Amino acid sequence: MPDNPVTKRRTYHISDRANHLSPSGIRRFFDLLASTEGVISLGVGEPDYSTPWHISEAAIKSLERGYTMYTSNSGTPELRKELSRHLEDEYRIDYNPNTELLITVGSSEALDLSMRALLNVGDEVIMPDPCYVAYEACVVMAGGIPVKIPTSQENGFEINPSDVAKLVNHKTRAILIGYPANPTGTVMSRNKLMEIAEIALRNHLIVVSDEIYAKLVYDTDHTCFATLPGMKSSTILLGGFSKAYAMTGWRIGYSAAPVEITAAMTKIHQYTMMCASTMAQVAALEALRSGESSVIEMVEDYNKRRRVILQGLADIGLSCFEPKGAFYVFPSIRSTGMTSEEFAETLLTEEKVAVVPGSAFGKYGEGHIRCCYATSMENIKEALLRMKRFVKKYSR
Ligand SMILES: Cc1ncc(COP(=O)(O)O)c(C=O)c1O
């Protein structure tokens with residue numbers, strides 16, 4: 001008898017790798033948000049600005065000129081050349097545009113490629129906990145094993161170099177870090193980064209350094225990991241346009257890495273993506289050529305919001321380490337006795353404020369929530385009022 005299509009649902013064979021991957025804790029939470037009206041969101045980690053107009057316009061004009069074909073797998077020569085110049089200007093570091101730079105579909109693709117190019121099954125990658133949700137997933141998807149270093153508010157969510165040294169063994173291939181950090185906003189000091197560099201050099205490890213928030217730093221400087229002594233040949237630098245230039249939807253990023261690693265990443269990229277979007281590459285070129293003043297304005301504005309939200313959290317009585325980068329604060333909610341999921345879900349239901357539970361970023365994110373302040377000052381102030389009422393009700 002033929003299957004009744006209404007009653008019989010087909011089961012599919014899904015790979016163990018996909019099955020074992022836990023769904024992103026952030027996405028699960030945003031399904032809840034989508035079904036609630038009148039919410040103030042401190043949830044999504046993206047700028048509330050639109051892409052500066054001259055950047056969008058450059059892309060529109062290129063479409064009008066019919067510039068809609070594939071580009072070279074590595075990205076257009078113009079963009080790679082401009083990126084090389086940009087890295088030289090910013091950090092005094094010299095990347096060959098033909099052999100050491102790869103233009104990717106967001107820094108997300110560069111992260112995925114770096115793991116797939118480096119890891120064999122069972123290889124280990126050391127990373128902080130809490131950390132950006134894709135770090136663990138990309139390691140697992142490449143067949144690797146994520147090894148977490150606990151961090152906490154007490155040490156400003158910095159990784160302790162001696163903890164890193166203890167975890168290195170013959171299976172360790174890489175250390176994956178990202179400063180300024182998501183979800184904590186931590187910027188590691190140059191001295192601490194030097195200690196990580198020394199461990200990497202001593203043990204022949206590659207450091208994958210996700211510097212997507214490099215331009216979003218406040219009252220401090222960003223250290224590009226590859227500029228540390230001896231590290232250019234042992235670093236995969238991941239960067240992108242999403243955060244600094246408000247270009248999340250364009251999906252454009254890059255990697256800068258030694259020739260052999262770039263060649264391996266490019267092989268995977270050419271069979272999966274072929275090339276990043278042509279239109280987005282034109283926009284990225286314009287961003288590098290003349291986007292700096294918009295970045296400076298946005299950073300000044302984020303800094304004002306950062307101060308307001310930090311003061312607001314202090315008034316509420318939620319202890320919070322002062323982040324120096326990105327656009328997140330990561331206060332402790334332990335005083336309420338709730339788990340971070342309970343806190344976020346109840347806050348959303350009762351006060352219509354969306355934040356992300358710290359546990360979405362790893363075991364050691366528990367007891368915290370991530371609030372993104374890349375939203376209007378008005379929203380921040382209203383969200384703080386609502387949170388104050390909420391915390392007062394639940395504080396023990
Ligand atoms: C730390 C970190 N790395 C990478 C990404 C992904 O950025 P992109 O839009 O360039 O793929 C994000 C996005 O939230 C992020 O927070």
# chains A, B, ... in the order shown; residues from 1 in each chain; ligands from 1
$ closest_atom_pairs --of "stretch 276-320 of chain A" --to "stretch 43-66 of chain A" --cutoff "9 Å" --atoms "only C-alpha atoms" --output "JSON lines"
{"residue": "A:Thr278", "atom": "CA", "partner": "A:Ala59", "partner_atom": "CA", "distance": 8.8}
{"residue": "A:Met279", "atom": "CA", "partner": "A:Ala59", "partner_atom": "CA", "distance": 5.4}
{"residue": "A:Ala280", "atom": "CA", "partner": "A:Ala59", "partner_atom": "CA", "distance": 6.9}
{"residue": "A:Gln281", "atom": "CA", "partner": "A:Ala59", "partner_atom": "CA", "distance": 8.3}
{"residue": "A:Val282", "atom": "CA", "partner": "A:Ala59", "partner_atom": "CA", "distance": 5.6}
{"residue": "A:Ala283", "atom": "CA", "partner": "A:Ile55", "partner_atom": "CA", "distance": 5.2}
{"residue": "A:Ala284", "atom": "CA", "partner": "A:Ile55", "partner_atom": "CA", "distance": 7.5}
{"residue": "A:Leu285", "atom": "CA", "partner": "A:Ile55", "partner_atom": "CA", "distance": 8.5}
{"residue": "A:Glu286", "atom": "CA", "partner": "A:Ile55", "partner_atom": "CA", "distance": 5.6}
{"residue": "A:Ala287", "atom": "CA", "partner": "A:Ile55", "partner_atom": "CA", "distance": 5.9}
{"residue": "A:Ser290", "atom": "CA", "partner": "A:Ile55", "partner_atom": "CA", "distance": 8.5}
{"residue": "A:Gly291", "atom": "CA", "partner": "A:Ile55", "partner_atom": "CA", "distance": 7.5}
{"residue": "A:Ser294", "atom": "CA", "partner": "A:Pro52", "partner_atom": "CA", "distance": 6.9}
{"residue": "A:Met298", "atom": "CA", "partner": "A:Tyr49", "partner_atom": "CA", "distance": 8.3}
$ residues_around --residues "stretch 353-358 of chain A" --least-positions-apart "5" --cutoff "8 Å" --atoms "only C-alpha atoms" --output "list in words"
Ile26, Phe29, Leu33, Val39, Ile40, Ser41, Leu42, Gly43, Pro130, Pro183, Phe330, Ser340, Glu341, Phe343, Ala344, Leu347, Leu348, Tyr364, Gly365, Glu366, Gly367, His368, Ile369, Arg370, Cys371, Cys372, Ala383, Arg386 and Met387 of chain A
$ residues_around --residues "A:Pro97" --least-positions-apart "2" --cutoff "7 Å" --atoms "only C-alpha atoms" --output "PDB file with N, CA and C atoms, in the first residue's frame"
ATOM      1  N   ARG A  80      41.954  43.424  -2.731  1.00  0.00           N
ATOM      2  CA  ARG A  80      43.070  42.827  -1.983  1.00  0.00           C
ATOM      3  C   ARG A  80      44.217  43.823  -1.838  1.00  0.00           C
ATOM      4  N   LYS A  81      44.448  44.591  -2.898  1.00  0.00           N
ATOM      5  CA  LYS A  81      45.519  45.595  -2.838  1.00  0.00           C
ATOM      6  C   LYS A  81      45.191  46.676  -1.792  1.00  0.00           C
ATOM      7  N   SER A  84      45.531  45.295   1.673  1.00  0.00           N
ATOM      8  CA  SER A  84      46.947  45.206   2.041  1.00  0.00           C
ATOM      9  C   SER A  84      47.452  46.582   2.493  1.00  0.00           C
ATOM     10  N   TYR A  95      51.203  42.442   4.124  1.00  0.00           N
ATOM     11  CA  TYR A  95      50.607  41.224   3.559  1.00  0.00           C
ATOM     12  C   TYR A  95      50.627  41.322   2.043  1.00  0.00           C
ATOM     13  N   THR A  99      49.052  36.563  -2.406  1.00  0.00           N
ATOM     14  CA  THR A  99      49.265  35.226  -1.825  1.00  0.00           C
ATOM     15  C   THR A  99      48.852  35.087  -0.366  1.00  0.00           C
ATOM     16  N   GLU A 100      48.608  36.215   0.308  1.00  0.00           N
ATOM     17  CA  GLU A 100      48.356  36.108   1.755  1.00  0.00           C
ATOM     18  C   GLU A 100      46.982  36.639   2.173  1.00  0.00           C
ATOM     19  N   LEU A 101      46.230  37.163   1.234  1.00  0.00           N
ATOM     20  CA  LEU A 101      44.902  37.701   1.570  1.00  0.00           C
ATOM     21  C   LEU A 101      43.819  36.942   0.820  1.00  0.00           C
TER      22      LEU A 101
END
$ closest_residue --among "A:Asn19, A:Ser233, A:Asn191, A:Thr248" --to "ligand 1" --atoms "only C-alpha atoms and all ligand atoms"
A:Thr248
$ residues_near_ligand --ligand "ligand 1" --cutoff "8 Å" --atoms "only C-alpha atoms and all ligand atoms" --output "MDAnalysis selection string"
chainID A and resid 45:46 105:109 111 131:132 134 178:183 210:213 239:243 247:249 251:253
$ closest_residue --among "A:His86, A:Lys267, A:Lys171, A:Lys166" --to "A:Glu124" --atoms "only C-alpha atoms"
A:Lys171
$ select_by_dssp --residues "stretch 168-308 of chain A" --states "helix (DSSP H, G or I)" --output "PyMOL selection string"
chain A and resi 190-202+225-227+232-234+248-250+259-272+278-290+292-308
$ select_by_dssp --residues "stretch 104-258 of chain A" --states "strand (DSSP E)" --output "PyMOL selection string"
chain A and resi 104+124-129+145-150+172-177+206-210+235-240+253-256
$ atom_distance --atom1 "atom CA of A:His269" --atom2 "atom CA of A:Asn73"
7.5 Å
$ closest_residue --among "A:Thr266, A:Thr184, A:Ser189, A:Gln153" --to "A:Arg334" --atoms "only C-alpha atoms"
A:Gln153
